[in-house]
Structures are given as C-alpha cells and as structure tokens.
Amino acid sequence: MIEVFLEWRFLTIAPCDAAEPWQLGSQDAATPIMQGIIDLHHDIFFFLILIFVFVSRMLVRALWHFHEQKNPIPQRIVHGTTIEIIRTIFPSIIPMFIAIPSFALLYSMDEVVVDPAITIKAIGHQWYRSYEYSDYNSSDEQSLTFDSYTIPEDDPELGQSRLLEVDNRVVVPAKTHLRMIVTPADVPHSWAVPSSGVKCDAVPGRSNQTSILVQREGVYYGQCSEIRGTNHAFTIVVEAVPLKDYGSRVSNQFILQTN
Amino acid sequence: MAEAAQEKNPSLAEQWSLQDKEDKSAQSEVPVEKTTGDEKPADATAEEVVSEKTGETPVVDDANPVAEENSKTPEQEETESQEAAEETPAIKLETAPADFRFPTTNQTRHCFTRYIEYHKCTAVKGEGAPECEKFAKYYRSLCPSEWIERWNEQRENGTFPGPL
C-alpha cells in the first residue's frame with residue numbers, strides 16, 4: 001500500500017510544468033508574477049500559523065482545565081479593559097500586514113508597464129481554441145491562425161498526459177513581454193496557465209488582456225476554468241522557445257499559410 | 001516539487017532580471033510615452049490624428065535584440081540563422097503599444113478605437129496612405145479577426161455603428 005502511494009506520489013513521469021497527482025503546492029513559477037503569488041502565499045501562511053497556534057492554545061487550554069465538579073467555569077474573566085483593547089486592535093492590524101503585499105501584487109498584475117513586443121490572441125471556441133498572431137499581417141484577410149484541439153482520451157502518444165496535450169501548441173518567445181488578448185467566439189472560456197500565474201476569463205463580446213513574461217523556456221500546461229457545455233475544450237499548452245527560434249518558426253508558418 | 005525548486009534558487013533578483021532587454025525598454029520608454037500621451041481621444045477629428053503623426057517616432061524597435069542574440073551565438077549557429085534569413089523574411093517584433101487611454105484588462109474599446117482611427121485616417125489621407133498603416137497594424141493586432149470581418153461587412157452595408 002505504502003509502495004503504491006510512494007510510486008504514485010514521486011515516480012510519476014509527469015511534465016515539469018503540469019499538474020501532478022497529489023500536488024499540494026503551486027507549480028514552479030515561470031513568470032515574475034507567479035513568483036510573486038507564491039511568495040505572497042508564504043507570507044500569508046506566516047500569519048495563518050501564528051493565529052492558528054494562538055487560537056488553538058486558548059481553545060485547548062479551556063477544554064483541558066474544564067472539570068464538571070472541580071472547575072465548571074474554566075474562564076473567569078468577564079471584563080478587562082486592557083485585554084479588550086488588545087484583542088480589538090491586534091486583529092485589525094494583522095489584515096493590514098496581509099493587505100499591503102496583496103494589493104501591491106494585485107496591481108502589479110494589472111499594470112502593463114512596458115510596451116509588449118508581441119500580441120497573441122487566444123480565441124476560445126466550445127470544442128477548440130484558435131490562436132492568432134496578427135502582428136505581421138499586411139491585410140485583414142491574411143493572418144497566422146491555427147486551431148488547437150485537445151488530444152482525445154483514447155489516443156495520446158507515449159509520454160503525453162491524458163487530456164492535457166493539444167495538437168498545436170501556442171509558441172511564444174521566452175524573456176519577451178507578451179500581450180495575450182483573450183476572447184471567445186461562442187461560450188465563455190478562461191485562459192489559465194498556472195505556472196505563468198495567468199487566469200483570464202473570456203467573455204463573449206469583450207476582449208480581455210493579460211500580460212506575461214515567461215522567464216525560462218519550457219512547455220507549460222494549463223486548463224480552462226470555465227467549462228461550458230459537453231466536450232468543452234479545456235486544454236492549454238504554451239511552449240516557450242528562445243526568441244530567435246520563435247522568429248524562424250513564425251516566419252516559416254507564415255509563409256506556409258499565406259502561399 | 002515546487003518547494004524543492006524554490007530552495008534551490010540562489011538569488012531571486014538574479015533569476016528574474018532581464019539582462020539587456022531591460023535597459024532597451026527603458027530607453028524606448030520616453031518617446032513612447034510622449035506619443036501615447038499626446039494622442040487625442042477617439043472623437044478627435046481625423047485631421048488632428050493625421051497632423052500629429054508626422055512628429056511621431058517609431059515605436060519600440062525590437063528587431064535589435066534579435067540581431068544581438070544572433071551575434072552572440074557561435075559561428076555555426078550564425079551561418080544557420082543567415083541561411084534561415086535568406087529563405088524567410090525576418091519577423092519584426094512589434095505590436096500595438098500600451099495605450100494610456102485603455103489601462104484596464106478590458107481592451108474591447110482599445111481595439112474598436114484603433115479600428116475607427118484607421119478608417120478616419122484613410123478617409124482624410126486617402127485609401128492606402130502610408131501614414132495610416134500604423135493604425136491598421138494596431139487594430140489587426142488587437143481585434144479578433146472575426147470582429148474585423150464583421151465590421152468590414154457592416155461598413156460595406158452602411159450599418160457600422162461607430163463614428164467614421
């Protein structure tokens with residue numbers, strides 16, 4: 001039994017930036033934003049443990065000292081100005097310590113500080129996603145567009161994760177400021193990649209932007225967070241490549257599509 | 001797995017720093033800020049839009065980092081990339097800049113405004129004027145192609161809802 005568990009927990013052949021069985025923590029950060037999210041989580045956990053220890057100490061102590069005959073009322077303080085001031089002010093200061101880094105992170109996620117180098121449009125359809133790279137167009141018709149379907153449950157190749165792989169990955173350059181424009185064509189979607197710290201809802205008739213800066217090359221797996229309808233396409237795979245490889249890949253595909 | 005990787009990190013500042021890219025963007029930030037700051041809102045007349053464009057500097061030129069990276073690589077790779085450049089046109093990394101009129105997540109109006117700006121520009125300068133190409137690039141980058149198709153159709157039928 002234990003062996004089975006250990007095998008399950010540690011010996012799974014899983015891609016590095018995908019969810020793994022029995023995962024408790026976050027996935028490894030690929031963007032500064034995700035690093036910020038993980039750090040904030042640890043910061044808040046410090047206060048969480050502090051409060052947990054304090055509250056459970058009071059609770060356990062009261063239970064411990066209670067006795068039906070000898071000590072029927074374990075707590076005898078009914079009024080005390082000092083303790084009331086402390087227990088009012090202190091809990092109101094703690095949320096402030098949590099709020100300051102939290103808001104700093106929240107607004108830094110929202111803000112587009114530098115001009116992005118590339119805009120990629122992720123357009124959700126119910127059964128697939130399509131991606132448009134339209135920065136290099138010279139007319140409305142021609143555009144580097146491709147559809148990305150989830151590999152169905154019954155034919156993944158060896159090494160591919162079940163329902164976590166697509167036929168066409170989104171290729172993005174690493175160490176480059178990207179703007180993702182997220183919008184659906186039919187049902188609501190959500191474009192989420194955990195290791196990039198990105199989750200952006202796609203609402204029909206509206207286009208949302210989110211910016212990412214992938215810091216290392218790799219393949220990042222994500223899943224849609226708005227599952228609308230049967231067989232909703234929920235798999236997102238982002239492949240980050242070096243900038244010069246990106247250039248050649250895009251220009252090759254562009255020529256294939258336009259000719 | 002996540003915890004283990006974090007313990008290994010030697011220094012966060014080192015890991016997350018962008019080496020030469022950072023100062024590049026810092027240099028280009030000044031002219032970009034100027035151009036976007038000066039721009040009139042969507043309802044400004046087309047003439048104004050056109051006239052101010054003459055003084056504008058081109059937006060972030062990101063072709064240089066590519067060249068730098070190529071020069072850094074060993075000779076073998078360089079010849080490879082040269083071969084690639086011969087058969088395929090080089091991609092210029094350039095897109096619509098961040099616009100201070102649309103600082104929010106919702107970019108629907110950003111796309112719409114750029115589309116209108118382009119068509120106002122062509123109405124004044126004539127079809128295919130080189131000055132207007134900039135706006136065309138912007139709206140193609142920002143708008144889903146489905147929307148552009150629909151709007152083009154609406155303009156042909158005369159049912160386009162925006163001010164043109």
# chains A, B, ... in the order shown; residues from 1 in each chain; ligands from 1
call {"tool": "residues_around", "arguments": {"residues": "B:Phe135", "least_positions_apart": "2", "cutoff": "9 Å", "atoms": "only C-alpha atoms", "output": "list in words"}}
result
Ala96, Arg114, Tyr115, Ile116, Glu117, Tyr118, His119, Cys121, Glu131, Cys132, Glu133, Lys137, Tyr138, Tyr139 and Arg140 of chain B
call {"tool": "interface_residues", "arguments": {"of": "chain A", "to": "chain B", "cutoff": "9 Å", "atoms": "only C-alpha atoms", "output": "mmCIF file with N, CA and C atoms, in the first residue's frame"}}
result
data_model
loop_
_atom_site.group_PDB
_atom_site.id
_atom_site.type_symbol
_atom_site.label_atom_id
_atom_site.label_comp_id
_atom_site.auth_asym_id
_atom_site.auth_seq_id
_atom_site.Cartn_x
_atom_site.Cartn_y
_atom_site.Cartn_z
ATOM 1 N N GLN A 23 -0.653 16.796 -5.851
ATOM 2 C CA GLN A 23 0.126 18.018 -5.690
ATOM 3 C C GLN A 23 -0.541 18.923 -4.659
ATOM 4 N N GLY A 25 1.341 21.947 -3.408
ATOM 5 C CA GLY A 25 1.837 23.303 -3.595
ATOM 6 C C GLY A 25 1.531 23.830 -4.982
ATOM 7 N N SER A 26 2.057 25.017 -5.265
ATOM 8 C CA SER A 26 1.894 25.592 -6.599
ATOM 9 C C SER A 26 2.877 24.940 -7.551
ATOM 10 N N GLN A 27 2.613 25.137 -8.824
ATOM 11 C CA GLN A 27 3.589 24.690 -9.808
ATOM 12 C C GLN A 27 4.759 25.670 -9.820
ATOM 13 N N ASP A 28 5.879 25.209 -10.342
ATOM 14 C CA ASP A 28 7.067 26.068 -10.380
ATOM 15 C C ASP A 28 6.770 27.337 -11.168
ATOM 16 N N ALA A 29 7.275 28.438 -10.659
ATOM 17 C CA ALA A 29 6.973 29.714 -11.298
ATOM 18 C C ALA A 29 7.756 29.870 -12.589
ATOM 19 N N THR A 31 6.975 32.916 -14.425
ATOM 20 C CA THR A 31 6.942 34.365 -14.637
ATOM 21 C C THR A 31 7.154 35.065 -13.294
ATOM 22 N N PRO A 32 7.595 36.302 -13.311
ATOM 23 C CA PRO A 32 7.751 37.047 -12.059
ATOM 24 C C PRO A 32 6.445 37.127 -11.277
ATOM 25 N N ASP A 110 -2.019 43.817 -12.901
ATOM 26 C CA ASP A 110 -2.920 44.534 -13.787
ATOM 27 C C ASP A 110 -2.170 45.456 -14.724
ATOM 28 N N GLU A 111 -1.073 45.989 -14.217
ATOM 29 C CA GLU A 111 -0.413 47.074 -14.901
ATOM 30 C C GLU A 111 0.436 46.572 -16.066
ATOM 31 N N VAL A 112 0.336 47.271 -17.161
ATOM 32 C CA VAL A 112 1.209 46.983 -18.284
ATOM 33 C C VAL A 112 2.289 48.052 -18.255
ATOM 34 N N VAL A 113 3.465 47.685 -17.774
ATOM 35 C CA VAL A 113 4.499 48.682 -17.512
ATOM 36 C C VAL A 113 5.236 49.036 -18.791
ATOM 37 N N VAL A 114 5.633 48.035 -19.533
ATOM 38 C CA VAL A 114 6.375 48.295 -20.769
ATOM 39 C C VAL A 114 5.504 47.891 -21.944
ATOM 40 N N ASP A 115 5.826 48.441 -23.094
ATOM 41 C CA ASP A 115 5.077 48.065 -24.283
ATOM 42 C C ASP A 115 5.377 46.620 -24.644
ATOM 43 N N PRO A 116 4.357 45.844 -24.885
ATOM 44 C CA PRO A 116 4.608 44.455 -25.243
ATOM 45 C C PRO A 116 5.238 44.353 -26.624
ATOM 46 N N ALA A 117 5.951 43.272 -26.846
ATOM 47 C CA ALA A 117 6.601 43.067 -28.142
ATOM 48 C C ALA A 117 5.726 42.248 -29.073
ATOM 49 N N ILE A 118 4.838 41.451 -28.489
ATOM 50 C CA ILE A 118 4.033 40.548 -29.298
ATOM 51 C C ILE A 118 2.619 40.517 -28.720
ATOM 52 N N THR A 119 1.650 40.502 -29.609
ATOM 53 C CA THR A 119 0.277 40.306 -29.176
ATOM 54 C C THR A 119 -0.194 38.968 -29.712
ATOM 55 N N ILE A 120 -0.700 38.136 -28.845
ATOM 56 C CA ILE A 120 -1.249 36.854 -29.272
ATOM 57 C C ILE A 120 -2.707 36.826 -28.847
ATOM 58 N N LYS A 121 -3.566 36.470 -29.783
ATOM 59 C CA LYS A 121 -4.983 36.412 -29.464
ATOM 60 C C LYS A 121 -5.397 34.964 -29.242
ATOM 61 N N ALA A 122 -5.937 34.705 -28.089
ATOM 62 C CA ALA A 122 -6.440 33.364 -27.782
ATOM 63 C C ALA A 122 -7.948 33.428 -27.885
ATOM 64 N N ILE A 123 -8.489 32.753 -28.879
ATOM 65 C CA ILE A 123 -9.923 32.828 -29.114
ATOM 66 C C ILE A 123 -10.536 31.484 -28.782
ATOM 67 N N GLU A 132 -4.319 33.519 -32.811
ATOM 68 C CA GLU A 132 -3.995 34.395 -33.935
ATOM 69 C C GLU A 132 -2.744 35.189 -33.601
ATOM 70 N N TYR A 133 -1.807 35.151 -34.524
ATOM 71 C CA TYR A 133 -0.627 36.010 -34.428
ATOM 72 C C TYR A 133 -0.784 37.025 -35.546
ATOM 73 N N SER A 134 -1.282 38.192 -35.198
ATOM 74 C CA SER A 134 -1.634 39.136 -36.268
ATOM 75 C C SER A 134 -0.702 40.334 -36.339
ATOM 76 N N ASP A 135 0.425 40.284 -35.646
ATOM 77 C CA ASP A 135 1.324 41.442 -35.674
ATOM 78 C C ASP A 135 1.992 41.624 -37.020
ATOM 79 N N TYR A 136 2.027 40.553 -37.820
ATOM 80 C CA TYR A 136 2.828 40.604 -39.043
ATOM 81 C C TYR A 136 1.945 40.657 -40.279
ATOM 82 N N ASN A 137 0.666 40.959 -40.077
ATOM 83 C CA ASN A 137 -0.263 40.994 -41.208
ATOM 84 C C ASN A 137 -0.093 42.275 -41.999
ATOM 85 N N SER A 138 -0.383 42.178 -43.275
ATOM 86 C CA SER A 138 -0.470 43.423 -44.025
ATOM 87 C C SER A 138 -1.844 43.595 -44.669
ATOM 88 N N SER A 139 -2.769 42.702 -44.378
ATOM 89 C CA SER A 139 -4.149 42.923 -44.800
ATOM 90 C C SER A 139 -5.064 42.231 -43.803
ATOM 91 N N ASP A 140 -6.380 42.504 -43.901
ATOM 92 C CA ASP A 140 -7.313 41.934 -42.936
ATOM 93 C C ASP A 140 -7.469 40.434 -43.113
ATOM 94 N N GLU A 141 -7.249 39.954 -44.337
ATOM 95 C CA GLU A 141 -7.546 38.542 -44.600
ATOM 96 C C GLU A 141 -6.440 37.621 -44.114
ATOM 97 N N SER A 143 -3.588 36.046 -42.035
ATOM 98 C CA SER A 143 -3.263 36.083 -40.623
ATOM 99 C C SER A 143 -2.739 34.718 -40.238
ATOM 100 N N LYS A 175 11.441 35.321 -22.320
ATOM 101 C CA LYS A 175 12.092 36.593 -21.952
ATOM 102 C C LYS A 175 11.638 37.739 -22.851
ATOM 103 N N THR A 176 10.367 37.750 -23.188
ATOM 104 C CA THR A 176 9.804 38.802 -24.022
ATOM 105 C C THR A 176 8.451 39.176 -23.430
ATOM 106 N N ILE A 181 -4.487 38.550 -25.749
ATOM 107 C CA ILE A 181 -5.846 39.069 -25.871
ATOM 108 C C ILE A 181 -6.761 37.850 -25.819
ATOM 109 N N THR A 183 -10.490 36.223 -25.804
ATOM 110 C CA THR A 183 -11.899 36.426 -26.119
ATOM 111 C C THR A 183 -12.466 35.128 -26.677
ATOM 112 N N ALA A 185 -15.491 32.967 -29.009
ATOM 113 C CA ALA A 185 -16.382 33.182 -30.138
ATOM 114 C C ALA A 185 -17.785 32.684 -29.839
ATOM 115 N N GLY A 205 -18.040 38.936 -26.686
ATOM 116 C CA GLY A 205 -18.239 40.348 -26.998
ATOM 117 C C GLY A 205 -17.277 41.275 -26.295
ATOM 118 N N ARG A 206 -16.326 40.725 -25.613
ATOM 119 C CA ARG A 206 -15.380 41.548 -24.882
ATOM 120 C C ARG A 206 -14.010 40.926 -25.056
ATOM 121 N N SER A 207 -12.978 41.757 -25.139
ATOM 122 C CA SER A 207 -11.644 41.176 -25.215
ATOM 123 C C SER A 207 -10.845 41.622 -24.006
ATOM 124 N N ASN A 208 -10.281 40.677 -23.334
ATOM 125 C CA ASN A 208 -9.503 40.960 -22.139
ATOM 126 C C ASN A 208 -8.029 40.816 -22.457
ATOM 127 N N GLN A 209 -7.228 41.611 -21.769
ATOM 128 C CA GLN A 209 -5.799 41.478 -21.996
ATOM 129 C C GLN A 209 -5.120 41.054 -20.712
ATOM 130 N N THR A 210 -4.081 40.295 -20.872
ATOM 131 C CA THR A 210 -3.233 39.953 -19.752
ATOM 132 C C THR A 210 -1.822 39.884 -20.285
ATOM 133 N N GLN A 215 9.971 33.491 -18.196
ATOM 134 C CA GLN A 215 11.385 33.681 -17.898
ATOM 135 C C GLN A 215 12.262 32.522 -18.325
ATOM 136 N N LEU A 243 14.020 33.454 -28.416
ATOM 137 C CA LEU A 243 13.454 34.475 -29.305
ATOM 138 C C LEU A 243 13.776 34.205 -30.774
ATOM 139 N N LYS A 244 15.006 33.773 -31.063
ATOM 140 C CA LYS A 244 15.360 33.602 -32.487
ATOM 141 C C LYS A 244 14.639 32.383 -33.079
ATOM 142 N N GLY A 247 11.202 33.544 -34.015
ATOM 143 C CA GLY A 247 11.180 34.276 -35.278
ATOM 144 C C GLY A 247 11.131 33.338 -36.467
ATOM 145 N N SER A 248 11.994 32.319 -36.443
ATOM 146 C CA SER A 248 12.038 31.422 -37.604
ATOM 147 C C SER A 248 10.769 30.581 -37.681
ATOM 148 N N VAL A 250 7.750 31.370 -36.648
ATOM 149 C CA VAL A 250 6.615 32.173 -37.101
ATOM 150 C C VAL A 250 6.729 32.472 -38.582
ATOM 151 N N SER A 251 7.937 32.837 -39.018
ATOM 152 C CA SER A 251 8.057 33.195 -40.438
ATOM 153 C C SER A 251 7.836 31.975 -41.326
ATOM 154 N N ASN A 252 8.294 30.788 -40.867
ATOM 155 C CA ASN A 252 8.047 29.585 -41.653
ATOM 156 C C ASN A 252 6.560 29.298 -41.771
ATOM 157 N N ILE A 255 4.715 31.763 -44.029
ATOM 158 C CA ILE A 255 4.869 31.522 -45.460
ATOM 159 C C ILE A 255 4.002 30.343 -45.887
#
call {"tool": "select_by_dssp", "arguments": {"residues": "stretch 77-253 of chain A", "states": "alpha helix (DSSP H)", "output": "VMD selection string"}}
result
chain A and resid 81 to 110 243 to 253
call {"tool": "select_by_dssp", "arguments": {"residues": "stretch 64-215 of chain A", "states": "strand (DSSP E)", "output": "MDAnalysis selection string"}}
result
chainID A and resid 118:124 129:133 144:148 170:173 177:184 189:193 198:202 208:213
call {"tool": "atom_distance", "arguments": {"atom1": "atom CA of A:Val193", "atom2": "atom CA of A:Glu217"}}
result
14.6 Å
